[in-house]
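Taking it in order: structure first as structure tokens, then the write-up.
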Amino acid sequence: MQEGANIKKTLKRKTLKDFTRLILAYFLCLFVLSIYQYIRLYMSGVLDSFINKSLLLLIIHHTGFTAVVGLFFAFLFNFLEKRKPTFGFRMVRLLLILLLTIEVLLIEYFVRQYEILGAEILGIQQYNTEIVFNITVLALLGVSLLFYLFYKITASTYNYISKMYPLTLVLFSVFLTTLTSDKKPINENKTQHLISSIADDVLDFNKYDGRIEYPLLTSHKEKTDLVNDFEFGEQRPNLVIILVDGLGADFVGSRAKYGGLLPFLDAMDQQSLSWDNYVSNTGESAAALPTLMGSLPFGKNGFTNIEGSPNRHTLFSILKNNGYTTTFNYGGNSALNYLDKFLHEERVDYILDRKSFGKNYTKQEEDAAGISLGYPDKELFVKWNKNLGTAPNPRLDVFMTLSTKKPFENPNKAEYKQQVKQRLTKSNIIGEREKKLVLKNLDVFSSFLYADDALKDFFAAYKKHPDYKNTIFIITGSHNTNGLPQDNRLDRYRVPFMMYSPLLKKPQRKAALASHADLAPTVLSLLNTAYDLKTPRQTAWLGNSLTHSTPFDGTKQIPLFRAKNNIQEYIYGKYFMSRSKVFEMGEDLQLAKIRETALKKEMKKRFKLFKSINSYVAENNKILPDGLAIIPREKQEFTKQELVWVQSVFNGKDYDNAYNTARKLAFNDDDRARALLLCRYILSKIPGHSDTEILMGRIHAWEKNYDGSIRILEEVIRKYPIYEDGYAALLDVYFWSNKNEKALELYKSIERNEIKTDAIAQKMNRAYTALKKSATEKDSINAIITAKIERYIASASL
């Protein structure tokens, strides 16, 4: 009887209280492994300390992973326990120990190789079987003992633990939060990364399995019939490309729903080569620029967000290689979506963005969150005309506007709203339904009327330039604004496209269906036909030509990138595919649904092939071979150990925070090498982070490397001519290195850009005083410069 009772007691079913102890033991083991990882990295000299913010992040990520493991294993535990007492308990314990063993092995690989293992683990063929076996056995024994120890320890707090199971739901919410957090290999649960990576690889149904290494590469086509529309002279023409945010075909063109509300653009449309059937390849503003300028693929999140900077051709690099001065002009923050990185890599000569505007320019009104997008369109065009309008010819000037972007906070909004109402009252081409929409969305339409007015002023100013008559203007939209309802899914991409120039023989409407991806190859062919440029022998454009003999070219494909990680639409010939549905397009791009099964299969096949190529070329740098790239990519090289250290002091994408960390390190003589390393990392991601460039210049000066410091800071002044801190740092270095005569040259830029502060005046006075003391009759300071500097110093309250 006693023996039977013991057996009954032994086989007593385990409860969720026992399960909670298992999960807690698992988490405590992960906590110990976190400490182990950081101690190993510290002992190897990779980290400066093993207790830091990155360790806390790792523990948080372990907490989230523990929560999801606990949630899923709870169902397995209950299911097995109901069928056989203690079976669920023993199975979960075994699985948790196996997970810990895997984590140990992955940590061991990380601290030895300084990289995290993902799906590539399935392809590893060369490894030392004996070493792996020994480490596995030791890991299994070690985590088993540690797990057993923590499970026993939790017995003394059983009453508290019995109340903890509902906490797993709270912890699961922590896991959901960590899913969207920016993880680095050093602070990520290695098992979670491995599982996620393998799952992504297995579930990727758009893998490229072709044999062609560079599937987009083809011979460059030299001819375009657009050359017959222009009367070119001896000098190569300037190009001005204006990308208006959210300007859709609903606003301008022969079939505009809201026609007549934008008088200047309507007039331009009638005086230009205008395309009635034209689409943007993207539904996002930032993603439109690389497609327009380089006919480039999208990757997962837009070309500028691709890691690794793939080789490519763009109008920026090709025309720069042919003697063009290139500029990019934007009133907003070019660091968003890494636009500045893309532009710096293209060696754009002048980049005008919100950092380049001075106190004489007014930002756009703030939205409800207190955020201003930057400088509105009129300010942008005035700034360009004043500062950059005198660059050498020929030139390529590219503009991105922002006044027609949400939250539609244009200057003088009330006045423009009233103008919209007046034009609406007089209109006899806008339907009643559309009129109601206009009145309900006056913010949207007032911003577009403001942008129209800004373009009118820009062209009026440009006509005063001597090179106006030898300039080609291209105006298009980034996508159709999502601030208004659209009739179908193709409407998001329909935008106006017009080429205007005094060189045009006559205005003309083009019926050919074309896209942003066709601009770069067409413009290049146009200029090359007329002027015999230096062009690449092979290109990898997504598009081909803006023109063809019929509205629909039966072999033309137009991929459509709706939003990040979201390529849902595709055009081939006269067919449009969206969410597995196929439509036939009419000449006015109206859609008729197709039910033909064979056609649907063919469209799905072609769409799948494009998506596989898009991912392959973007992720593997297979757009162009290195030998065909006009501008070799300057890639910041970091060792694995350096990257691990960077990850230990910086997580996420707040590069201002990373700069603050570098700045703190720079104040300590022993940490300046680390500070420079972090600065290099920041600039590899955000090349336009001016404060980081200035900090690097100062660090070099503190280390007595004055020549290196001056090179960096003079480049800062060139790129950010109104930024006071750059002048302050450079004047300091001139003084420390006894090169005060250079301050006289710098004063010209100070005067031109109206930099007038006490701090700069004091530093100029210091340099000027030092020069006067050391000057002789033979090398006396230029009298004109002297008088100007004296007036400048006197005008400041020193």
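Lettering and numbering for the structure tokens are positional, with chains as A, B, ... in the shown order, residues counted from 1 in each chain, and ligands counted from 1 in the shown order.
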
Can you pull out every residue within 12 Å of Asn52 in chain A, counting only C-alpha atoms, but drop anything in the same chain fewer than 2 positions away, and send it as a ChimeraX atom specification? /A:34-35,38-39,42,47-50,54-59,186-187,645,647-651

Keeping only C-alpha atoms, take the residues you just selected and write them out as a PDB file, in the first residue's frame.
ATOM      1  CA  SER A  34      24.867  37.634 -20.808  1.00  0.00           C
ATOM      2  CA  ILE A  35      27.481  38.330 -18.157  1.00  0.00           C
ATOM      3  CA  TYR A  38      30.497  40.554 -21.961  1.00  0.00           C
ATOM      4  CA  ILE A  39      33.309  39.308 -19.712  1.00  0.00           C
ATOM      5  CA  TYR A  42      36.156  42.555 -22.217  1.00  0.00           C
ATOM      6  CA  LEU A  47      35.111  46.208 -24.910  1.00  0.00           C
ATOM      7  CA  ASP A  48      36.290  48.886 -22.503  1.00  0.00           C
ATOM      8  CA  SER A  49      34.083  47.483 -19.725  1.00  0.00           C
ATOM      9  CA  PHE A  50      31.685  44.588 -19.380  1.00  0.00           C
ATOM     10  CA  SER A  54      24.390  47.386 -24.178  1.00  0.00           C
ATOM     11  CA  LEU A  55      24.385  44.663 -21.509  1.00  0.00           C
ATOM     12  CA  LEU A  56      21.078  46.000 -20.205  1.00  0.00           C
ATOM     13  CA  LEU A  57      19.648  45.870 -23.736  1.00  0.00           C
ATOM     14  CA  LEU A  58      20.755  42.248 -24.075  1.00  0.00           C
ATOM     15  CA  ILE A  59      18.993  41.348 -20.820  1.00  0.00           C
ATOM     16  CA  ILE A 186      26.079  42.105 -29.341  1.00  0.00           C
ATOM     17  CA  ASN A 187      22.725  42.741 -27.620  1.00  0.00           C
ATOM     18  CA  TRP A 645      32.797  47.810 -29.701  1.00  0.00           C
ATOM     19  CA  GLN A 647      27.573  48.171 -30.923  1.00  0.00           C
ATOM     20  CA  SER A 648      28.441  48.110 -27.225  1.00  0.00           C
ATOM     21  CA  VAL A 649      28.277  51.915 -26.936  1.00  0.00           C
ATOM     22  CA  PHE A 650      25.628  52.729 -29.531  1.00  0.00           C
ATOM     23  CA  ASN A 651      22.332  51.092 -30.375  1.00  0.00           C
TER      24      ASN A 651
END

Residues of range 439-533 of chain A in alpha helix (DSSP H) according to DSSP, as a short mmCIF file (atom, residue, chain, number, x, y, z; two decimals) with all heavy atoms, in the first residue's frame?
data_model
loop_
_atom_site.label_atom_id
_atom_site.label_comp_id
_atom_site.auth_asym_id
_atom_site.auth_seq_id
_atom_site.Cartn_x
_atom_site.Cartn_y
_atom_site.Cartn_z
N LEU A 439 -13.25 71.37 -51.26
CA LEU A 439 -13.65 72.18 -50.11
C LEU A 439 -13.38 71.48 -48.78
O LEU A 439 -13.12 72.14 -47.77
CB LEU A 439 -15.14 72.55 -50.22
CG LEU A 439 -15.50 73.49 -51.38
CD1 LEU A 439 -17.01 73.65 -51.51
CD2 LEU A 439 -14.83 74.85 -51.19
N LYS A 440 -13.45 70.17 -48.78
CA LYS A 440 -13.17 69.42 -47.56
C LYS A 440 -11.67 69.27 -47.31
O LYS A 440 -11.26 68.91 -46.20
CB LYS A 440 -13.80 68.02 -47.64
CG LYS A 440 -15.31 68.02 -47.49
CD LYS A 440 -15.84 66.59 -47.54
CE LYS A 440 -17.36 66.58 -47.35
NZ LYS A 440 -17.91 65.19 -47.40
N LEU A 442 -9.11 71.75 -48.14
CA LEU A 442 -8.50 73.02 -48.54
C LEU A 442 -7.03 73.12 -48.15
O LEU A 442 -6.24 73.79 -48.82
CB LEU A 442 -9.28 74.19 -47.94
CG LEU A 442 -10.61 74.53 -48.64
CD1 LEU A 442 -11.36 75.60 -47.87
CD2 LEU A 442 -10.34 74.99 -50.08
N ASP A 443 -6.64 72.45 -47.05
CA ASP A 443 -5.22 72.44 -46.67
C ASP A 443 -4.36 71.86 -47.78
O ASP A 443 -3.30 72.39 -48.12
CB ASP A 443 -5.01 71.63 -45.39
CG ASP A 443 -5.44 72.38 -44.14
OD1 ASP A 443 -5.74 73.58 -44.25
OD2 ASP A 443 -5.45 71.76 -43.06
N VAL A 444 -4.83 70.74 -48.35
CA VAL A 444 -4.10 70.07 -49.42
C VAL A 444 -3.99 70.97 -50.64
O VAL A 444 -2.90 71.21 -51.18
CB VAL A 444 -4.78 68.74 -49.80
CG1 VAL A 444 -4.05 68.08 -50.97
CG2 VAL A 444 -4.83 67.80 -48.60
N PHE A 445 -5.12 71.51 -51.08
CA PHE A 445 -5.14 72.28 -52.32
C PHE A 445 -4.45 73.64 -52.16
O PHE A 445 -3.85 74.14 -53.12
CB PHE A 445 -6.57 72.43 -52.81
CG PHE A 445 -7.12 71.16 -53.40
CD1 PHE A 445 -7.84 70.27 -52.60
CD2 PHE A 445 -6.88 70.83 -54.72
CE1 PHE A 445 -8.33 69.08 -53.12
CE2 PHE A 445 -7.36 69.64 -55.25
CZ PHE A 445 -8.08 68.76 -54.45
N SER A 446 -4.51 74.23 -50.98
CA SER A 446 -3.80 75.50 -50.78
C SER A 446 -2.29 75.27 -50.87
O SER A 446 -1.55 76.12 -51.38
CB SER A 446 -4.16 76.13 -49.44
OG SER A 446 -3.63 75.38 -48.36
N SER A 447 -1.83 74.11 -50.38
CA SER A 447 -0.39 73.83 -50.45
C SER A 447 0.06 73.63 -51.90
O SER A 447 1.15 74.06 -52.29
CB SER A 447 -0.04 72.59 -49.61
OG SER A 447 -0.51 71.41 -50.21
N PHE A 448 -0.78 73.00 -52.71
CA PHE A 448 -0.42 72.82 -54.12
C PHE A 448 -0.46 74.14 -54.88
O PHE A 448 0.37 74.38 -55.77
CB PHE A 448 -1.33 71.78 -54.77
CG PHE A 448 -0.89 70.36 -54.52
CD1 PHE A 448 -1.46 69.60 -53.51
CD2 PHE A 448 0.12 69.80 -55.28
CE1 PHE A 448 -1.03 68.31 -53.26
CE2 PHE A 448 0.55 68.50 -55.05
CZ PHE A 448 -0.03 67.76 -54.03
N LEU A 449 -1.41 75.01 -54.54
CA LEU A 449 -1.45 76.31 -55.20
C LEU A 449 -0.23 77.15 -54.80
O LEU A 449 0.35 77.87 -55.63
CB LEU A 449 -2.74 77.05 -54.83
CG LEU A 449 -2.99 78.37 -55.57
CD1 LEU A 449 -2.93 78.18 -57.08
CD2 LEU A 449 -4.33 78.96 -55.15
N TYR A 450 0.18 77.03 -53.53
CA TYR A 450 1.41 77.70 -53.08
C TYR A 450 2.62 77.18 -53.86
O TYR A 450 3.47 77.96 -54.32
CB TYR A 450 1.62 77.48 -51.58
CG TYR A 450 3.01 77.84 -51.11
CD1 TYR A 450 3.35 79.16 -50.85
CD2 TYR A 450 3.98 76.86 -50.97
CE1 TYR A 450 4.64 79.50 -50.44
CE2 TYR A 450 5.27 77.18 -50.58
CZ TYR A 450 5.59 78.50 -50.31
OH TYR A 450 6.87 78.83 -49.92
N ALA A 451 2.71 75.85 -54.02
CA ALA A 451 3.83 75.25 -54.76
C ALA A 451 3.81 75.71 -56.21
O ALA A 451 4.87 75.98 -56.81
CB ALA A 451 3.75 73.73 -54.69
N ASP A 452 2.63 75.83 -56.79
CA ASP A 452 2.49 76.31 -58.16
C ASP A 452 3.02 77.75 -58.26
O ASP A 452 3.73 78.10 -59.22
CB ASP A 452 1.01 76.26 -58.55
CG ASP A 452 0.76 76.59 -60.01
OD1 ASP A 452 1.08 75.77 -60.87
OD2 ASP A 452 0.24 77.69 -60.27
N ASP A 453 2.69 78.55 -57.27
CA ASP A 453 3.16 79.94 -57.23
C ASP A 453 4.68 79.99 -57.09
O ASP A 453 5.35 80.83 -57.70
CB ASP A 453 2.50 80.64 -56.04
CG ASP A 453 2.13 82.08 -56.36
OD1 ASP A 453 2.17 82.45 -57.55
OD2 ASP A 453 1.84 82.83 -55.42
N ALA A 454 5.22 79.08 -56.26
CA ALA A 454 6.67 79.04 -56.06
C ALA A 454 7.39 78.68 -57.36
O ALA A 454 8.44 79.26 -57.68
CB ALA A 454 7.02 78.01 -54.97
N LEU A 455 6.84 77.75 -58.12
CA LEU A 455 7.43 77.38 -59.41
C LEU A 455 7.36 78.54 -60.39
O LEU A 455 8.30 78.78 -61.17
CB LEU A 455 6.72 76.15 -59.98
CG LEU A 455 7.04 74.83 -59.29
CD1 LEU A 455 6.05 73.75 -59.72
CD2 LEU A 455 8.46 74.39 -59.59
N LYS A 456 6.27 79.26 -60.36
CA LYS A 456 6.13 80.43 -61.24
C LYS A 456 7.24 81.46 -60.94
O LYS A 456 7.89 81.99 -61.86
CB LYS A 456 4.75 81.05 -61.01
CG LYS A 456 4.52 82.36 -61.76
CD LYS A 456 3.16 82.93 -61.36
CE LYS A 456 2.99 84.36 -61.88
NZ LYS A 456 1.72 84.95 -61.39
N ASP A 457 7.48 81.71 -59.63
CA ASP A 457 8.53 82.66 -59.24
C ASP A 457 9.91 82.14 -59.65
O ASP A 457 10.78 82.92 -60.07
CB ASP A 457 8.49 82.90 -57.73
CG ASP A 457 7.24 83.65 -57.29
OD1 ASP A 457 6.53 84.20 -58.16
OD2 ASP A 457 6.96 83.66 -56.08
N PHE A 458 10.10 80.84 -59.49
CA PHE A 458 11.39 80.25 -59.84
C PHE A 458 11.71 80.43 -61.32
O PHE A 458 12.82 80.83 -61.70
CB PHE A 458 11.39 78.76 -59.47
CG PHE A 458 12.58 78.00 -60.01
CD1 PHE A 458 13.83 78.18 -59.47
CD2 PHE A 458 12.43 77.10 -61.05
CE1 PHE A 458 14.93 77.49 -59.95
CE2 PHE A 458 13.52 76.40 -61.55
CZ PHE A 458 14.77 76.60 -61.00
N PHE A 459 10.74 80.15 -62.16
CA PHE A 459 10.96 80.30 -63.60
C PHE A 459 11.16 81.77 -63.99
O PHE A 459 11.97 82.08 -64.87
CB PHE A 459 9.80 79.68 -64.38
CG PHE A 459 9.98 78.21 -64.63
CD1 PHE A 459 9.61 77.28 -63.67
CD2 PHE A 459 10.52 77.76 -65.82
CE1 PHE A 459 9.78 75.92 -63.89
CE2 PHE A 459 10.71 76.41 -66.06
CZ PHE A 459 10.34 75.48 -65.09
N ALA A 460 10.43 82.66 -63.33
CA ALA A 460 10.60 84.09 -63.60
C ALA A 460 12.02 84.53 -63.27
O ALA A 460 12.64 85.31 -64.02
CB ALA A 460 9.59 84.90 -62.81
N ALA A 461 12.57 84.00 -62.16
CA ALA A 461 13.94 84.34 -61.77
C ALA A 461 14.95 83.68 -62.70
O ALA A 461 15.96 84.29 -63.07
CB ALA A 461 14.19 83.92 -60.32
N TYR A 462 14.66 82.44 -63.08
CA TYR A 462 15.61 81.71 -63.93
C TYR A 462 15.73 82.35 -65.31
O TYR A 462 16.80 82.31 -65.94
CB TYR A 462 15.17 80.24 -64.05
CG TYR A 462 16.32 79.31 -64.39
CD1 TYR A 462 16.80 78.41 -63.46
CD2 TYR A 462 16.92 79.34 -65.64
CE1 TYR A 462 17.86 77.55 -63.76
CE2 TYR A 462 17.97 78.48 -65.96
CZ TYR A 462 18.44 77.60 -65.01
OH TYR A 462 19.49 76.76 -65.30
N LEU A 519 13.56 57.81 -67.23
CA LEU A 519 14.14 59.14 -67.42
C LEU A 519 15.66 59.08 -67.63
O LEU A 519 16.18 59.66 -68.59
CB LEU A 519 13.83 60.02 -66.21
CG LEU A 519 14.49 61.41 -66.28
CD1 LEU A 519 13.84 62.26 -67.36
CD2 LEU A 519 14.43 62.13 -64.94
N ALA A 520 16.38 58.42 -66.73
CA ALA A 520 17.84 58.42 -66.82
C ALA A 520 18.34 57.85 -68.15
O ALA A 520 19.17 58.49 -68.82
CB ALA A 520 18.44 57.66 -65.64
N PRO A 521 17.88 56.65 -68.57
CA PRO A 521 18.36 56.15 -69.86
C PRO A 521 17.99 57.04 -71.04
O PRO A 521 18.77 57.19 -71.98
CB PRO A 521 17.71 54.77 -69.98
CG PRO A 521 16.63 54.72 -68.96
CD PRO A 521 17.02 55.67 -67.88
N THR A 522 16.82 57.68 -70.98
CA THR A 522 16.40 58.53 -72.09
C THR A 522 17.21 59.81 -72.15
O THR A 522 17.68 60.22 -73.23
CB THR A 522 14.90 58.87 -71.97
OG1 THR A 522 14.14 57.66 -71.97
CG2 THR A 522 14.45 59.73 -73.14
N VAL A 523 17.40 60.49 -71.01
CA VAL A 523 18.17 61.73 -70.99
C VAL A 523 19.61 61.47 -71.42
O VAL A 523 20.20 62.24 -72.18
CB VAL A 523 18.12 62.37 -69.59
CG1 VAL A 523 19.16 63.49 -69.46
CG2 VAL A 523 16.73 62.93 -69.32
N LEU A 524 20.17 60.37 -70.94
CA LEU A 524 21.54 60.05 -71.32
C LEU A 524 21.64 59.81 -72.82
O LEU A 524 22.56 60.30 -73.48
CB LEU A 524 22.01 58.81 -70.55
CG LEU A 524 23.47 58.41 -70.77
CD1 LEU A 524 24.40 59.54 -70.36
CD2 LEU A 524 23.79 57.14 -70.00
N SER A 525 20.70 59.07 -73.38
CA SER A 525 20.71 58.82 -74.82
C SER A 525 20.50 60.11 -75.62
O SER A 525 21.11 60.32 -76.66
CB SER A 525 19.62 57.80 -75.19
OG SER A 525 19.92 56.54 -74.64
N LEU A 526 19.62 60.98 -75.12
CA LEU A 526 19.35 62.25 -75.77
C LEU A 526 20.62 63.09 -75.87
O LEU A 526 20.99 63.58 -76.96
CB LEU A 526 18.27 63.01 -75.00
CG LEU A 526 17.93 64.42 -75.47
CD1 LEU A 526 17.27 64.39 -76.84
CD2 LEU A 526 17.01 65.11 -74.45
N LEU A 527 21.32 63.26 -74.75
CA LEU A 527 22.52 64.08 -74.74
C LEU A 527 23.66 63.42 -75.51
O LEU A 527 24.46 64.08 -76.18
CB LEU A 527 22.95 64.37 -73.30
CG LEU A 527 21.99 65.23 -72.47
CD1 LEU A 527 22.49 65.37 -71.04
CD2 LEU A 527 21.79 66.59 -73.10
N ASN A 528 23.73 62.10 -75.41
CA ASN A 528 24.81 61.39 -76.10
C ASN A 528 24.62 61.44 -77.61
O ASN A 528 25.59 61.56 -78.36
CB ASN A 528 24.85 59.94 -75.62
CG ASN A 528 26.09 59.23 -76.11
OD1 ASN A 528 27.19 59.74 -76.00
ND2 ASN A 528 25.91 58.04 -76.66
N THR A 529 23.38 61.36 -78.07
CA THR A 529 23.11 61.45 -79.50
C THR A 529 23.49 62.82 -80.04
O THR A 529 24.06 62.95 -81.13
CB THR A 529 21.62 61.18 -79.78
OG1 THR A 529 21.28 59.89 -79.28
CG2 THR A 529 21.32 61.23 -81.27
N ALA A 530 23.21 63.86 -79.24
CA ALA A 530 23.46 65.22 -79.69
C ALA A 530 24.91 65.67 -79.48
O ALA A 530 25.43 66.48 -80.27
CB ALA A 530 22.52 66.18 -78.97
N TYR A 531 25.58 65.13 -78.46
CA TYR A 531 26.90 65.67 -78.09
C TYR A 531 27.99 64.63 -77.90
O TYR A 531 29.11 64.98 -77.54
CB TYR A 531 26.77 66.50 -76.80
CG TYR A 531 25.88 67.70 -76.96
CD1 TYR A 531 24.55 67.64 -76.56
CD2 TYR A 531 26.36 68.86 -77.55
CE1 TYR A 531 23.72 68.74 -76.72
CE2 TYR A 531 25.52 69.96 -77.72
CZ TYR A 531 24.21 69.89 -77.31
OH TYR A 531 23.40 70.98 -77.48
#

Long-range neighbours of Tyr723 in chain A as a VMD selection string, 8 Å cut-off, only C-alpha atoms, 3 positions minimum in chain: chain A and resid 355 to 356 717 720 726 to 727

Please list as a ChimeraX atom specification every residue within 9 Å of Lys257 in chain A, counting only C-alpha atoms and excluding residues in the same chain fewer than 2 positions away. /A:249-252,255,259,429-431,434

Take CA of Thr327 in chain A and CA of Thr401 in chain A and report the distance between them in Å, one decimal. 14.3 Å

Based on DSSP run over this structure's backbone, return all residues of range 566-649 of chain A in strand (DSSP E), as a JSON list (two decimals) with C-alpha atoms, in the first residue's frame.
[["chain", "number", "residue", "atom", "x", "y", "z"],
["A", 569, "GLU", "CA", 2.00, 46.24, -58.05],
["A", 570, "TYR", "CA", 3.54, 45.58, -61.44],
["A", 571, "ILE", "CA", 2.92, 46.59, -65.07],
["A", 572, "TYR", "CA", 3.84, 44.50, -68.08],
["A", 575, "TYR", "CA", -1.53, 44.79, -68.04],
["A", 576, "PHE", "CA", -1.50, 45.93, -64.44],
["A", 577, "MET", "CA", -1.21, 43.50, -61.54],
["A", 578, "SER", "CA", -2.13, 44.32, -57.95],
["A", 581, "LYS", "CA", -5.49, 40.62, -59.51],
["A", 582, "VAL", "CA", -4.77, 41.46, -63.16],
["A", 583, "PHE", "CA", -6.27, 44.37, -65.08],
["A", 584, "GLU", "CA", -6.06, 45.56, -68.66],
["A", 585, "MET", "CA", -5.26, 49.25, -69.03],
["A", 591, "LEU", "CA", -8.63, 49.47, -65.55],
["A", 592, "ALA", "CA", -10.71, 46.50, -66.71],
["A", 593, "LYS", "CA", -10.45, 43.30, -64.70]]

Interatomic distance, CA of Arg766 in chain A to CA of Trp736 in chain A (Å, one decimal): 11.1 Å

Find the residues near range 699-709 of chain A: any atom within 7 Å, counting only C-alpha atoms, skip ones fewer than 3 places away on the same chain, and give them as a ChimeraX atom specification. /A:666,695-696,712-713,733,737

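Compared by their closest atoms to Asn228 in chain A, and using only C-alpha atoms, the residues A:Leu343, A:Val92, A:Leu503, A:Ile475 rank with A:Leu503 nearest.
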
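The closest residue to Ala335 in chain A, picked from A:Lys685, A:Arg40, A:Arg83, A:Lys574 and counting only C-alpha atoms, is A:Lys685.
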
Taking only residues of range 582-615 of chain A that have an atom at most 10 Å from an atom of range 269-276 of chain A, what is each one's shortest atom pair and its distance in Å to one decimal, using only C-alpha atoms, in chain and number order, as a tab-separated table?
residue	atom	partner	partner_atom	distance
A:Glu587	CA	A:Asp276	CA	9.1
A:Asp588	CA	A:Asp276	CA	7.8
A:Leu589	CA	A:Asp276	CA	9.3

Write the selection just made, keeping N, CA and C atoms, as an mmCIF file, in the first residue's frame?
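Saved result, part-v8.cif, follows:
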data_model
loop_
_atom_site.group_PDB
_atom_site.id
_atom_site.type_symbol
_atom_site.label_atom_id
_atom_site.label_comp_id
_atom_site.auth_asym_id
_atom_site.auth_seq_id
_atom_site.Cartn_x
_atom_site.Cartn_y
_atom_site.Cartn_z
ATOM 1 N N GLU A 587 -6.244 53.323 -72.901
ATOM 2 C CA GLU A 587 -5.324 54.404 -73.250
ATOM 3 C C GLU A 587 -5.342 55.533 -72.238
ATOM 4 N N ASP A 588 -6.403 55.645 -71.454
ATOM 5 C CA ASP A 588 -6.455 56.652 -70.407
ATOM 6 C C ASP A 588 -6.101 56.054 -69.041
ATOM 7 N N LEU A 589 -5.505 54.849 -69.070
ATOM 8 C CA LEU A 589 -5.095 54.106 -67.877
ATOM 9 C C LEU A 589 -6.269 53.719 -66.977
#

Using only C-alpha atoms, find the one residue out of A:Asn333, A:Thr550, A:Gln486, A:Thr218 that sits nearest to Ala514 in chain A. A:Thr550

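Taking CA of Thr326 in chain A and CA of Arg494 in chain A as endpoints, the distance between them is 27.9 Å.
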
Would you list the contacts of Phe399 in chain A as a compact mmCIF listing (two decimals) with N, CA and C atoms, in the first residue's frame, taking every protein, DNA or RNA residue within 10 Å and counting only C-alpha atoms, but skipping same-chain residues closer than 2 positions in sequence?
# COMPACT_ATOMS: atom_id res chain seq x y z
N VAL A 240 17.50 70.96 -65.43
CA VAL A 240 16.86 71.25 -64.15
C VAL A 240 15.73 70.24 -63.97
N ILE A 241 15.83 69.42 -62.94
CA ILE A 241 14.81 68.40 -62.66
C ILE A 241 14.13 68.76 -61.35
N ILE A 242 12.82 68.92 -61.41
CA ILE A 242 12.05 69.32 -60.22
C ILE A 242 11.08 68.19 -59.86
N LEU A 243 11.28 67.62 -58.70
CA LEU A 243 10.43 66.53 -58.20
C LEU A 243 9.50 67.12 -57.14
N VAL A 244 8.24 67.29 -57.50
CA VAL A 244 7.27 67.93 -56.61
C VAL A 244 6.58 66.85 -55.77
N LEU A 289 13.54 59.47 -55.81
CA LEU A 289 14.75 60.11 -56.33
C LEU A 289 15.72 59.12 -56.98
N THR A 327 24.08 69.55 -58.56
CA THR A 327 23.56 70.05 -57.29
C THR A 327 22.28 69.31 -56.92
N PHE A 328 22.03 69.23 -55.62
CA PHE A 328 20.76 68.70 -55.11
C PHE A 328 20.23 69.72 -54.12
N ASN A 329 18.96 70.04 -54.23
CA ASN A 329 18.38 71.15 -53.47
C ASN A 329 17.06 70.72 -52.83
N TYR A 330 17.03 70.85 -51.50
CA TYR A 330 15.88 70.35 -50.73
C TYR A 330 15.77 71.17 -49.45
N GLY A 331 14.57 71.57 -49.10
CA GLY A 331 14.37 72.38 -47.90
C GLY A 331 14.31 71.57 -46.62
N LEU A 352 22.21 71.28 -51.02
CA LEU A 352 21.50 72.30 -50.26
C LEU A 352 20.33 71.64 -49.54
N ASP A 377 8.85 75.83 -50.32
CA ASP A 377 9.36 75.84 -51.69
C ASP A 377 9.88 77.20 -52.13
N LEU A 380 13.22 77.77 -50.73
CA LEU A 380 14.20 76.88 -51.38
C LEU A 380 14.70 77.49 -52.69
N PHE A 381 13.78 77.94 -53.53
CA PHE A 381 14.17 78.47 -54.84
C PHE A 381 14.94 79.79 -54.70
N TRP A 384 18.50 78.88 -53.54
CA TRP A 384 19.30 78.34 -54.66
C TRP A 384 19.73 79.46 -55.59
N ASP A 397 20.85 70.54 -62.04
CA ASP A 397 20.26 70.97 -60.77
C ASP A 397 19.00 70.15 -60.51
N THR A 401 10.82 69.16 -53.57
CA THR A 401 10.03 70.12 -52.80
C THR A 401 9.38 69.42 -51.61
N LEU A 402 8.87 70.21 -50.67
CA LEU A 402 8.21 69.60 -49.51
C LEU A 402 6.92 70.29 -49.08
N ILE A 475 9.71 68.57 -65.05
CA ILE A 475 8.87 68.67 -63.86
C ILE A 475 8.01 67.42 -63.76
